[in-house]
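Shown next, in structure tokens, is the structure this report addresses.
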Amino acid sequence: MQPGSELVPVEKTDRVPDGAGESAEVVAAGPAVYVAPAWKLTWWRFRKHKLAVACLWVFAVVALIALAPEFFATQDPNATAASNAYIPPQTVRVLHEGRVTWPFVYGVRGERNQRTLRMEWALDEETRYPLRLFARGYPYRLFGLIPTDRHLLGFEGATGRDTPRLLGTDRLGRDQWSRLMYGTRISLSIGLVAVALSTVLGIVLGGVSGYFGGWVDNVIQRLIELLQALPPIPIWLALSASLPRTWPVTWVYFAITVILALLGWTRLAREVRGRFLSLREEDFVTAARLVGASRSRVIFSHMVPSFTSHIIAAVTLAIPLMILNETFLSFLGLGLRPPAISWGVMLQEAQNLQSVVNAPWLLIPGLLVIVTVLALNILGDGLRDAADPYSS
Amino acid sequence: MLAELVAAGELPPVEERLPEEPLVIEPFEGIGTYGGVIRRGFTGPGDHNNYTRWAYDSLLRFSVDGSEIVPHIIRAWEPSEDFHTWTLHLRPGMKWSDGHPFTADALLFYYEAVLQNEELTPSVPVWIANHDGTLAAMRAIDDYTVEVEFDFPYTLFPMELTFRDGGDRTLAAHLPGHYLAQFHPDYGDPEEIARMVSEAGLNDWTQLFMQKGIITDNPERPSTAAWVPYRSSVSDQVFTLRRNPYYFAVDPAGNQLPYVDEIQFRFFADVEALNFAAVAGELDMQDRHIQLTNYPVLVENAERSGYRVITWPTFGGNDAALWVNQQYTIDPELGELLANRDFRIALSIGIDREEIREAAFLGLGEIRQPVAAPWHPYYPGDEYAFQHTEFDPERANEILDGLGLQRGPNGMRTLPSGAPLRLEISVVPAFGPWPDVAQLIASDFADLGLTTDVQVRERTAHFTMRDANELIMEIWNEDTSGFPFTGNPKIDPRSDPATIFAVESRTWYATDGERGREPTPEIARIVEIIEEAKTVGTDRQIELAQELNRLVADQLYGIGTVGLTPMIQGVVVVNANLANVPDLVANDWPLRTPGDARPETFFYR
Amino acid sequence: MHWYILKRLAIVPLMLFLFSVIAFALIQAPPGDFLTSYIAELAQGGSSLDQAQIDALRRQYGLDRPIYEQYFLWVGSLLKGDLGISLEWRRSNAELIGERLLLTLALTTGSLIFTWLVAIPIGIVSATRQYSAVDYLFTVLNYVGLATPNFMLALVLMWVAFDRFGVSVTGLFSPEYAQAPWSWARFADLMSHIWLPMIVLGVAGTAQIARVVRANLLDELGKPYAEMARAKGLPEWKLVLKYPTRVAIAPVVSTLGWYFPQLLSGGLVVSVVMSLPTVGPLLLRALVGQDMYLAGTIILIFCVLTVIGTLVSDILLAVLDPRIRMDAA
């Protein structure tokens, strides 16, 4: 079976195409019947799950932001302006003096309350910044290659640090909308890369364990038990504290990813092993072995494809865990640290009374975490249901 | 509370508990009434100085404004004419918290059992050492008079005595020998001590002796503080202190202090939770661990939770100085640049301090170099305090251009040799806004074409790197500008742990020039000033201190940003009914704030 | 059967030995030792120790000895049943851990009960009303519960509780009861504080368990015996509660084993944020401060609990299901 192949007309077979190991090569004479490869069947079933499809779109948007945060940002995420601290989100409006107009944002005026020392902001209805799409802003390189200064959103008449802040500013007057866009790239990529690494580890070790059994299985299973019994906090702490002290932020970021992956593969390995154990006894595997297929061929041509969809589902469910772990680690001060921007770093910076009470918009990164994790979970569940041949 | 005990015959009447000549403490507002509990928060055993600062149980104390040394346990003191010998007068009739008489034995027990014992004191501490490094001589003239003799004129000795209160979990300079002797093999029964050591699971008697002698660990140890630990220690969930019935101080009306019966320190695993409790009105007097960032929330909820918020600015110096390594060797060319005074001037005028003041200090404090406070005799004058603090990126760029730091195609400067120029600011997430200050400075430097990384490090990592001379720049405070000659002044290259500017010279001084790097004349001058100041009278000390402060502002080893803010333990949450809390006190660790606000006199209206 | 149990038991000492080595190695991995971090802590507070004091302390604590020697000293005293002394707290580890373990268990059990009381009914309702609005609502709520970083939830709920209802919920006790011996009043005080952390800790678990119950119940309801009962005219609610629910809950009960260690680490951040006197923050603090004997002992206790937990559940499973023995052989 080749992933991506079109529908192949095949002879009617005596087995119901259930997606498990059905091979498109089994073709005989007779009236043509369409047999879809497993992934396609899964996809069809998945499409029926409307909520999951919606979540796929949500995730696609988040992924798009992660690919080109510069394009979605409106300001340099690191540009500080003390006089702009704690500006509440400036909402996009369409009503001005009772009339519907082109979407715009009011300006703000603020000063420090001399008693409470809090920056207090009021709407300045004199100043209006109309919203513009694909507007010019600060220069950057799209995907790190194409130099441009076009951004998805812009505001007419506003430049540099006056640019309206759609999600408000933090204590240093940095634009939270833009920071969130950049944070998305780091947090999502940590989740994805860590899961990718742990998937490889999990599949290889789980597969080896499940296929060979015996002492190999025993050793790997004990290793997994050992890792699972150890509380993760000391491992995180030991590993992240052992990182060389002189490493720049980007290296630390990769190291954190690897650490997350090193600790995250055990679940997946168990799942893969479980599938292998049950598949090993399946007729089609026995059949393949009997006709003399080599071991690697049995594994990679027959067994792996038959549970790819399960793996995809498991992986989808693992990403949100990684994302949550990143926020958790950064919160404890063991993960990324400023000036790196990630959801965890942003949440960590919002973990004080001043933010929760007087600047609740600084908790918006938490909402984005919830939405992303939610979407991935529902997506993963949808995929799992769809991949299960026994479900309705 | 005590009257009942007296009536029951468990306690002698107050006249018998007070010394012949009790200390009179002038309250801030007026004579108070007895009773009540003050609730405070602490963060566990590492926070033992929370107790130390509150108790301020030292032989001598600083006044409320931090300007002079005033009597405490020691009633009076005088030097010999040549300042070699100091005579200390104790208070006849004064008693330990268990009622045992407090005599010269308290000081001599410390001298003999601790200082002269090589196991407890492997090397003589500098503050009580002769010039040749040997231990000074101490003897009792009578029960209430002690003499300490040095081989050099030691004018700073009384100030050193104010620091020997058992802070930092050390032994205080006055110890209850009548209680501690049983844990010391020179006095007690060795077998019994061995039994106690093994019972407590300890390694040797020194551990036992320390544990028994440090009051925050052992509530049974008699004390001379206004409140003494009550059946709890600093490792408990609630560390309770109760009034010392034998406290030797009274108010001007002759009422024995303290007014408040009980102090409760409640444990918080997290500083933010402690701040939350303060906002909820669960703490009656809290300065330590209150975050400046939360100031607006604290003020906004003051009325409904029944407290008021006052601010005590730090005692001079600077609350976030950028210290520059003068002996950086990993990259010699960069090291040379860092040691160039013009480069440091360019850095200093390249910092937008107003931005830092607004963003990190809520607009509080003063833009200044790390010198003493304007009201302090050591103040070098405005021209030095504000030297190089103006924001002038244009001139900074000129200086940098003049140093041969060419801008590359990306607008960033390179070293004169053409090698990339990369600065790093290492910062520990302590005291709240330092990482923010570092980021603001880094972005100012980037505007000058200087690539600057900010590294937020865990404090142990930072200190290890500091000791290994691996740091380029760091953000730390300078809170010792009012005390440049005693303790561990930040500007003294020999201090440990010091700031980063001359780590190699610290080794050089410690090894008598064998290893490390010989200091530059300017750095050597700092050490000369400090050494001379220890041996001269007050007027000359002021001259020397001013010279030192001018040198600080000229050399910019630590580039000051903002000072005199309430950043460190200066935002004070006080129960609305708690009286006699001063609006302003000198706020610094050597002054043991809030102990120097005289908490004995606090009372509930 | 006996062979299987014996075999599993035989591995336990080996596992424990490995854990003790790993635990010790993990604590030693970061640079520096307890004193380095202690000195750093002092310096942060503006004070310092001189070299002589540092040397004396290092000797006192035995930190000047080689690492393997420190390890054997530690393990040696552990074997004698002595859990050692905490360097930072200067108290016996047994005491420190003991007083927190009980509260940790209380909190864990509390949030477990909360979880079940909420999750099981939700699971049943969602399953019996599959694809209804209620089912969708609960499903989404469950997912939101799973997705919310609970440390964020903790601080927000703390503030809301104070701001809207005037109750302050830091810690597990009011100060007057924190050190008091157990009494009804103390218990009542605990109950008045424990509900918020219970909810915060239980949220994610609720979502998980509700999903499992829903899925299992759906399976059961489709089985012939359910159809049969339905055909016989048994009212639906009676049918659901009578048998399928019990079967659906069974796997949930078997997760008890891993629930405790999971909560111990998962609850850590919540405990830190809410200042709860549980084991988690103690461990974190010991690790950061390199208080190695305390940290090592907690980790080891942790591992022992997990090993025992898995062992017991494995043996139970083996007793219940003979096929397991073949698999493990």
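Simple scheme: letters A, B, ... for chains in structure tokens order, numbers from 1 for residues in each chain, numbers from 1 for ligands in the order shown.
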According to DSSP computed on the backbone, where in segment 415-542 of chain B is there helix (DSSP H, G or I)? Give the residues as a PDB file with N, CA and C atoms, in the first residue's frame.
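Result went into selection_9.pdb, see below:
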```
ATOM      1  N   TRP B 434      14.883  42.973  38.350  1.00  0.00           N
ATOM      2  CA  TRP B 434      16.206  42.963  37.708  1.00  0.00           C
ATOM      3  C   TRP B 434      16.214  42.426  36.288  1.00  0.00           C
ATOM      4  N   PRO B 435      15.544  41.299  36.004  1.00  0.00           N
ATOM      5  CA  PRO B 435      15.545  40.849  34.606  1.00  0.00           C
ATOM      6  C   PRO B 435      14.952  41.907  33.663  1.00  0.00           C
ATOM      7  N   ASP B 436      13.958  42.639  34.156  1.00  0.00           N
ATOM      8  CA  ASP B 436      13.392  43.711  33.333  1.00  0.00           C
ATOM      9  C   ASP B 436      14.430  44.796  33.090  1.00  0.00           C
ATOM     10  N   VAL B 437      15.130  45.191  34.154  1.00  0.00           N
ATOM     11  CA  VAL B 437      16.159  46.221  34.011  1.00  0.00           C
ATOM     12  C   VAL B 437      17.198  45.761  32.994  1.00  0.00           C
ATOM     13  N   ALA B 438      17.608  44.501  33.094  1.00  0.00           N
ATOM     14  CA  ALA B 438      18.612  43.973  32.170  1.00  0.00           C
ATOM     15  C   ALA B 438      18.114  44.062  30.725  1.00  0.00           C
ATOM     16  N   GLN B 439      16.868  43.714  30.516  1.00  0.00           N
ATOM     17  CA  GLN B 439      16.349  43.759  29.146  1.00  0.00           C
ATOM     18  C   GLN B 439      16.257  45.185  28.624  1.00  0.00           C
ATOM     19  N   LEU B 440      15.877  46.115  29.501  1.00  0.00           N
ATOM     20  CA  LEU B 440      15.801  47.513  29.067  1.00  0.00           C
ATOM     21  C   LEU B 440      17.190  48.031  28.701  1.00  0.00           C
ATOM     22  N   ILE B 441      18.179  47.702  29.541  1.00  0.00           N
ATOM     23  CA  ILE B 441      19.547  48.144  29.259  1.00  0.00           C
ATOM     24  C   ILE B 441      20.040  47.513  27.960  1.00  0.00           C
ATOM     25  N   ALA B 442      19.764  46.212  27.794  1.00  0.00           N
ATOM     26  CA  ALA B 442      20.232  45.518  26.594  1.00  0.00           C
ATOM     27  C   ALA B 442      19.650  46.166  25.342  1.00  0.00           C
ATOM     28  N   SER B 443      18.394  46.593  25.406  1.00  0.00           N
ATOM     29  CA  SER B 443      17.832  47.182  24.195  1.00  0.00           C
ATOM     30  C   SER B 443      18.403  48.590  23.967  1.00  0.00           C
ATOM     31  N   ASP B 444      18.741  49.310  25.053  1.00  0.00           N
ATOM     32  CA  ASP B 444      19.429  50.596  24.882  1.00  0.00           C
ATOM     33  C   ASP B 444      20.792  50.388  24.225  1.00  0.00           C
ATOM     34  N   PHE B 445      21.510  49.360  24.685  1.00  0.00           N
ATOM     35  CA  PHE B 445      22.832  49.079  24.136  1.00  0.00           C
ATOM     36  C   PHE B 445      22.722  48.674  22.666  1.00  0.00           C
ATOM     37  N   ALA B 446      21.688  47.906  22.350  1.00  0.00           N
ATOM     38  CA  ALA B 446      21.501  47.497  20.956  1.00  0.00           C
ATOM     39  C   ALA B 446      21.331  48.732  20.082  1.00  0.00           C
ATOM     40  N   ASP B 447      20.650  49.760  20.614  1.00  0.00           N
ATOM     41  CA  ASP B 447      20.491  50.998  19.851  1.00  0.00           C
ATOM     42  C   ASP B 447      21.836  51.681  19.605  1.00  0.00           C
ATOM     43  N   ARG B 459      20.389  31.488  40.759  1.00  0.00           N
ATOM     44  CA  ARG B 459      21.416  32.214  41.497  1.00  0.00           C
ATOM     45  C   ARG B 459      22.676  31.395  41.762  1.00  0.00           C
ATOM     46  N   THR B 460      22.529  30.088  41.974  1.00  0.00           N
ATOM     47  CA  THR B 460      23.735  29.294  42.215  1.00  0.00           C
ATOM     48  C   THR B 460      24.642  29.304  40.989  1.00  0.00           C
ATOM     49  N   ALA B 461      24.021  29.180  39.808  1.00  0.00           N
ATOM     50  CA  ALA B 461      24.809  29.206  38.574  1.00  0.00           C
ATOM     51  C   ALA B 461      25.508  30.549  38.427  1.00  0.00           C
ATOM     52  N   HIS B 462      24.769  31.602  38.729  1.00  0.00           N
ATOM     53  CA  HIS B 462      25.340  32.949  38.610  1.00  0.00           C
ATOM     54  C   HIS B 462      26.547  33.101  39.536  1.00  0.00           C
ATOM     55  N   PHE B 463      26.406  32.630  40.770  1.00  0.00           N
ATOM     56  CA  PHE B 463      27.499  32.794  41.730  1.00  0.00           C
ATOM     57  C   PHE B 463      28.701  31.943  41.377  1.00  0.00           C
ATOM     58  N   THR B 464      28.440  30.732  40.870  1.00  0.00           N
ATOM     59  CA  THR B 464      29.552  29.879  40.467  1.00  0.00           C
ATOM     60  C   THR B 464      30.339  30.559  39.348  1.00  0.00           C
ATOM     61  N   MET B 465      29.600  31.147  38.394  1.00  0.00           N
ATOM     62  CA  MET B 465      30.272  31.824  37.288  1.00  0.00           C
ATOM     63  C   MET B 465      30.993  33.081  37.769  1.00  0.00           C
ATOM     64  N   ARG B 466      30.403  33.756  38.721  1.00  0.00           N
ATOM     65  CA  ARG B 466      31.018  34.962  39.262  1.00  0.00           C
ATOM     66  C   ARG B 466      32.371  34.605  39.879  1.00  0.00           C
ATOM     67  N   ASP B 467      32.372  33.538  40.672  1.00  0.00           N
ATOM     68  CA  ASP B 467      33.620  33.132  41.325  1.00  0.00           C
ATOM     69  C   ASP B 467      34.658  32.677  40.308  1.00  0.00           C
ATOM     70  N   ILE B 500      31.273  41.614  40.614  1.00  0.00           N
ATOM     71  CA  ILE B 500      32.177  40.937  39.669  1.00  0.00           C
ATOM     72  C   ILE B 500      33.352  41.760  39.196  1.00  0.00           C
ATOM     73  N   PHE B 501      33.475  43.018  39.659  1.00  0.00           N
ATOM     74  CA  PHE B 501      34.392  43.863  38.906  1.00  0.00           C
ATOM     75  C   PHE B 501      35.864  43.516  39.064  1.00  0.00           C
ATOM     76  N   ALA B 502      36.255  42.835  40.151  1.00  0.00           N
ATOM     77  CA  ALA B 502      37.685  42.536  40.303  1.00  0.00           C
ATOM     78  C   ALA B 502      37.885  41.191  41.004  1.00  0.00           C
ATOM     79  N   VAL B 503      37.355  40.142  40.410  1.00  0.00           N
ATOM     80  CA  VAL B 503      37.425  38.825  41.041  1.00  0.00           C
ATOM     81  C   VAL B 503      38.866  38.328  41.159  1.00  0.00           C
ATOM     82  N   GLU B 504      39.655  38.613  40.109  1.00  0.00           N
ATOM     83  CA  GLU B 504      41.043  38.139  40.126  1.00  0.00           C
ATOM     84  C   GLU B 504      41.839  38.818  41.238  1.00  0.00           C
ATOM     85  N   SER B 505      41.513  40.087  41.485  1.00  0.00           N
ATOM     86  CA  SER B 505      42.244  40.783  42.538  1.00  0.00           C
ATOM     87  C   SER B 505      41.840  40.275  43.914  1.00  0.00           C
ATOM     88  N   ARG B 506      40.647  39.746  44.039  1.00  0.00           N
ATOM     89  CA  ARG B 506      40.258  39.148  45.314  1.00  0.00           C
ATOM     90  C   ARG B 506      41.216  38.007  45.635  1.00  0.00           C
ATOM     91  N   THR B 507      41.462  37.168  44.617  1.00  0.00           N
ATOM     92  CA  THR B 507      42.422  36.093  44.801  1.00  0.00           C
ATOM     93  C   THR B 507      43.794  36.654  45.143  1.00  0.00           C
ATOM     94  N   TRP B 508      44.147  37.738  44.465  1.00  0.00           N
ATOM     95  CA  TRP B 508      45.463  38.347  44.667  1.00  0.00           C
ATOM     96  C   TRP B 508      45.634  38.787  46.125  1.00  0.00           C
ATOM     97  N   TYR B 509      44.600  39.426  46.666  1.00  0.00           N
ATOM     98  CA  TYR B 509      44.673  39.852  48.064  1.00  0.00           C
ATOM     99  C   TYR B 509      44.645  38.656  49.005  1.00  0.00           C
ATOM    100  N   ALA B 510      43.840  37.652  48.675  1.00  0.00           N
ATOM    101  CA  ALA B 510      43.700  36.501  49.570  1.00  0.00           C
ATOM    102  C   ALA B 510      44.987  35.692  49.634  1.00  0.00           C
ATOM    103  N   PRO B 521      45.864  50.792  40.056  1.00  0.00           N
ATOM    104  CA  PRO B 521      46.027  51.760  41.148  1.00  0.00           C
ATOM    105  C   PRO B 521      44.683  52.190  41.732  1.00  0.00           C
ATOM    106  N   GLU B 522      43.658  52.345  40.881  1.00  0.00           N
ATOM    107  CA  GLU B 522      42.360  52.793  41.391  1.00  0.00           C
ATOM    108  C   GLU B 522      41.754  51.757  42.331  1.00  0.00           C
ATOM    109  N   ILE B 523      41.837  50.491  41.917  1.00  0.00           N
ATOM    110  CA  ILE B 523      41.263  49.440  42.760  1.00  0.00           C
ATOM    111  C   ILE B 523      42.079  49.297  44.039  1.00  0.00           C
ATOM    112  N   ALA B 524      43.398  49.405  43.912  1.00  0.00           N
ATOM    113  CA  ALA B 524      44.250  49.322  45.105  1.00  0.00           C
ATOM    114  C   ALA B 524      43.917  50.454  46.073  1.00  0.00           C
ATOM    115  N   ARG B 525      43.566  51.616  45.510  1.00  0.00           N
ATOM    116  CA  ARG B 525      43.236  52.762  46.353  1.00  0.00           C
ATOM    117  C   ARG B 525      41.984  52.470  47.196  1.00  0.00           C
ATOM    118  N   ILE B 526      41.030  51.742  46.634  1.00  0.00           N
ATOM    119  CA  ILE B 526      39.819  51.389  47.390  1.00  0.00           C
ATOM    120  C   ILE B 526      40.214  50.651  48.664  1.00  0.00           C
ATOM    121  N   VAL B 527      41.110  49.660  48.493  1.00  0.00           N
ATOM    122  CA  VAL B 527      41.525  48.854  49.641  1.00  0.00           C
ATOM    123  C   VAL B 527      42.283  49.720  50.661  1.00  0.00           C
ATOM    124  N   GLU B 528      43.136  50.609  50.145  1.00  0.00           N
ATOM    125  CA  GLU B 528      43.864  51.494  51.062  1.00  0.00           C
ATOM    126  C   GLU B 528      42.907  52.341  51.889  1.00  0.00           C
ATOM    127  N   ILE B 529      41.913  52.904  51.205  1.00  0.00           N
ATOM    128  CA  ILE B 529      40.944  53.758  51.903  1.00  0.00           C
ATOM    129  C   ILE B 529      40.260  52.972  53.015  1.00  0.00           C
ATOM    130  N   ILE B 530      39.805  51.764  52.686  1.00  0.00           N
ATOM    131  CA  ILE B 530      39.071  50.967  53.666  1.00  0.00           C
ATOM    132  C   ILE B 530      39.958  50.636  54.861  1.00  0.00           C
ATOM    133  N   GLU B 531      41.212  50.252  54.558  1.00  0.00           N
ATOM    134  CA  GLU B 531      42.109  49.887  55.657  1.00  0.00           C
ATOM    135  C   GLU B 531      42.408  51.083  56.555  1.00  0.00           C
ATOM    136  N   GLU B 532      42.605  52.241  55.931  1.00  0.00           N
ATOM    137  CA  GLU B 532      42.910  53.412  56.732  1.00  0.00           C
ATOM    138  C   GLU B 532      41.699  53.793  57.598  1.00  0.00           C
ATOM    139  N   ALA B 533      40.503  53.693  57.015  1.00  0.00           N
ATOM    140  CA  ALA B 533      39.293  54.138  57.706  1.00  0.00           C
ATOM    141  C   ALA B 533      39.060  53.365  58.990  1.00  0.00           C
ATOM    142  N   THR B 538      36.292  59.781  63.327  1.00  0.00           N
ATOM    143  CA  THR B 538      35.122  59.974  62.483  1.00  0.00           C
ATOM    144  C   THR B 538      35.346  60.981  61.363  1.00  0.00           C
ATOM    145  N   ASP B 539      35.988  62.104  61.668  1.00  0.00           N
ATOM    146  CA  ASP B 539      36.141  63.137  60.645  1.00  0.00           C
ATOM    147  C   ASP B 539      36.936  62.629  59.456  1.00  0.00           C
ATOM    148  N   ARG B 540      38.025  61.961  59.759  1.00  0.00           N
ATOM    149  CA  ARG B 540      38.866  61.424  58.694  1.00  0.00           C
ATOM    150  C   ARG B 540      38.093  60.321  57.947  1.00  0.00           C
ATOM    151  N   GLN B 541      37.287  59.527  58.676  1.00  0.00           N
ATOM    152  CA  GLN B 541      36.487  58.481  58.031  1.00  0.00           C
ATOM    153  C   GLN B 541      35.551  59.095  56.989  1.00  0.00           C
ATOM    154  N   ILE B 542      34.937  60.234  57.365  1.00  0.00           N
ATOM    155  CA  ILE B 542      34.025  60.885  56.424  1.00  0.00           C
ATOM    156  C   ILE B 542      34.787  61.337  55.180  1.00  0.00           C
TER     157      ILE B 542
END
```
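The protein and nucleic acid residues lying at most 9 Å from Leu363 of chain A are Met346, Leu347, Ala350, Gln351, Ser355 and Val356 of chain A; Met152 of chain C, with only C-alpha atoms considered and sequence neighbours fewer than 6 positions away removed.
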Would you output that residue set with C-alpha atoms, as a PDB file, in the first residue's frame?
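This went into out.pdb:
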```pdb
ATOM      1  CA  MET A 346       4.367  34.841  29.164  1.00  0.00           C
ATOM      2  CA  LEU A 347       2.200  33.007  31.672  1.00  0.00           C
ATOM      3  CA  ALA A 350       1.690  37.076  34.465  1.00  0.00           C
ATOM      4  CA  GLN A 351       1.820  35.004  37.659  1.00  0.00           C
ATOM      5  CA  SER A 355      -1.380  41.049  36.556  1.00  0.00           C
ATOM      6  CA  VAL A 356      -4.274  38.923  37.748  1.00  0.00           C
TER       7      VAL A 356
ATOM      8  CA  MET C 152      -3.034  29.708  36.259  1.00  0.00           C
TER       9      MET C 152
END
```
Which neighbours of Glu111 of chain A fall inside 7 Å, counting only C-alpha atoms, when residues of the same chain fewer than 3 positions from it are skipped, and could you give them as a PDB file with C-alpha atoms, in the first residue's frame?
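Written file, result-v1.pdb:
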```
ATOM      1  CA  MET A 119      -0.900  53.366  35.020  1.00  0.00           C
ATOM      2  CA  GLU A 120      -4.480  54.330  34.200  1.00  0.00           C
ATOM      3  CA  TRP A 121      -5.637  54.529  30.638  1.00  0.00           C
TER       4      TRP A 121
END
```
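Atom CA of Thr245 of chain C to atom CA of Ile209 of chain C spans 13.2 Å [interatomic distance, one decimal].
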Show me, as an MDAnalysis selection string, the residues of chain A whose atoms get within 10 Å of chain C, using only C-alpha atoms for the distance check. chainID A and resid 51 213:214 218 222 225:245 320:321 323:325 327:329 331:332 344 347:348 350:353 356:357 360 363 366:378
What residues in chain C lie within 7 Å of chain B, counting only C-alpha atoms, written as a PyMOL selection string? chain C and resi 36-37+40+43+46+48+50+52+56+60+84+88-89+168+170+175+178-179+272-275+281
Generate a file of the selected residues that holds C-alpha atoms, formatted as a CSV table (one decimal), in the first residue's frame.
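Dumped to selection-v8.csv:
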```csv
chain,number,residue,atom,x,y,z
C,36,THR,CA,27.1,27.0,47.1
C,37,SER,CA,23.4,27.5,47.0
C,40,ALA,CA,24.1,32.4,47.1
C,43,ALA,CA,24.2,36.9,49.3
C,46,GLY,CA,22.6,41.1,51.3
C,48,SER,CA,27.6,36.6,53.5
C,50,ASP,CA,33.6,34.3,55.4
C,52,ALA,CA,36.5,30.1,57.5
C,56,ALA,CA,33.7,24.8,58.8
C,60,GLN,CA,30.3,19.7,59.3
C,84,GLY,CA,18.8,11.5,57.8
C,88,GLU,CA,18.5,23.3,55.1
C,89,TRP,CA,15.8,22.7,57.6
C,168,SER,CA,-8.9,33.9,51.7
C,170,THR,CA,-3.8,30.5,51.2
C,175,PRO,CA,-2.3,30.2,61.6
C,178,ALA,CA,-1.2,25.1,61.7
C,179,GLN,CA,0.8,23.7,64.6
C,272,VAL,CA,3.5,26.2,45.4
C,273,VAL,CA,1.1,28.8,44.2
C,274,MET,CA,-1.4,28.2,47.0
C,275,SER,CA,1.3,27.7,49.6
C,281,PRO,CA,7.0,22.1,47.4
```
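For chain A, the residues no farther than 6 Å from chain B when using only C-alpha atoms are A:Ala82, A:Thr116, A:Leu117, A:Arg118, A:Leu172, A:Gln354.
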Since we have the selection now, will you write its residues out, keeping C-alpha atoms, as a compact mmCIF listing (two decimals), in the first residue's frame?
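Result went into selection.txt, see below:
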```
# COMPACT_ATOMS: atom_id res chain seq x y z
CA ALA A 82 7.80 52.23 29.84
CA THR A 116 -1.67 53.81 43.68
CA LEU A 117 1.22 54.25 41.21
CA ARG A 118 -0.84 52.39 38.67
CA LEU A 172 7.33 46.98 30.03
CA GLN A 354 -0.70 42.89 39.83
```
Nearby residues (only C-alpha atoms) at most 6 Å from segment 85-90 of chain B, same-chain spacing under 4 positions excluded, as a short mmCIF file (atom, residue, chain, number, x, y, z; two decimals) with C-alpha atoms, in the first residue's frame:
```
data_model
loop_
_atom_site.label_atom_id
_atom_site.label_comp_id
_atom_site.auth_asym_id
_atom_site.auth_seq_id
_atom_site.Cartn_x
_atom_site.Cartn_y
_atom_site.Cartn_z
CA ILE B 74 25.82 47.63 76.11
CA ARG B 75 24.90 50.66 78.19
CA ALA B 76 28.02 52.68 77.42
CA TRP B 77 31.37 52.19 75.75
CA GLU B 78 34.59 54.11 75.42
CA PRO B 79 37.92 53.67 73.66
CA SER B 80 41.33 54.21 75.12
CA TYR B 144 29.43 44.33 84.14
CA THR B 145 32.55 45.63 82.43
CA VAL B 146 34.45 44.01 79.57
CA GLU B 147 37.63 45.17 77.88
CA VAL B 148 38.72 44.27 74.36
CA GLU B 149 42.24 45.05 73.28
#
```
- Select from segment 84-311 of chain A everything DSSP, run on the backbone, classes as strand (DSSP E), then give the selection as a ChimeraX atom specification. /A:93-96,99-112,119-142,146-155
Gap from atom CA of Thr162 of chain B to atom CA of Leu60 of chain B - Å, one decimal:
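These two atoms are separated by 4.8 Å.
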(request) Tell me, as a list in words, which residues lie within 8 Å of Leu108 of chain B, counting only C-alpha atoms; anything in the same chain fewer than 5 positions away does not count. (result)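 Near Leu108 of chain B, the qualifying residues are Met138, Arg139 and Ala140 of chain B.
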Would you save the residues from that selection as a compact mmCIF listing (two decimals), in the first residue's frame, using C-alpha atoms?
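Okay, result-v5.txt is ready:
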```txt
# COMPACT_ATOMS: atom_id res chain seq x y z
CA MET B 138 39.12 40.14 75.85
CA ARG B 139 38.86 40.26 79.63
CA ALA B 140 36.25 41.02 82.25
```
The distance between atom CA of Asn580 of chain B and atom CA of Glu68 of chain B is 20.8 Å
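For the residues B:Phe391, B:Phe42, B:Trp375, B:Tyr179, ranking by smallest atom-to-atom distance to Leu347 of chain B using only C-alpha atoms places B:Phe391 first.
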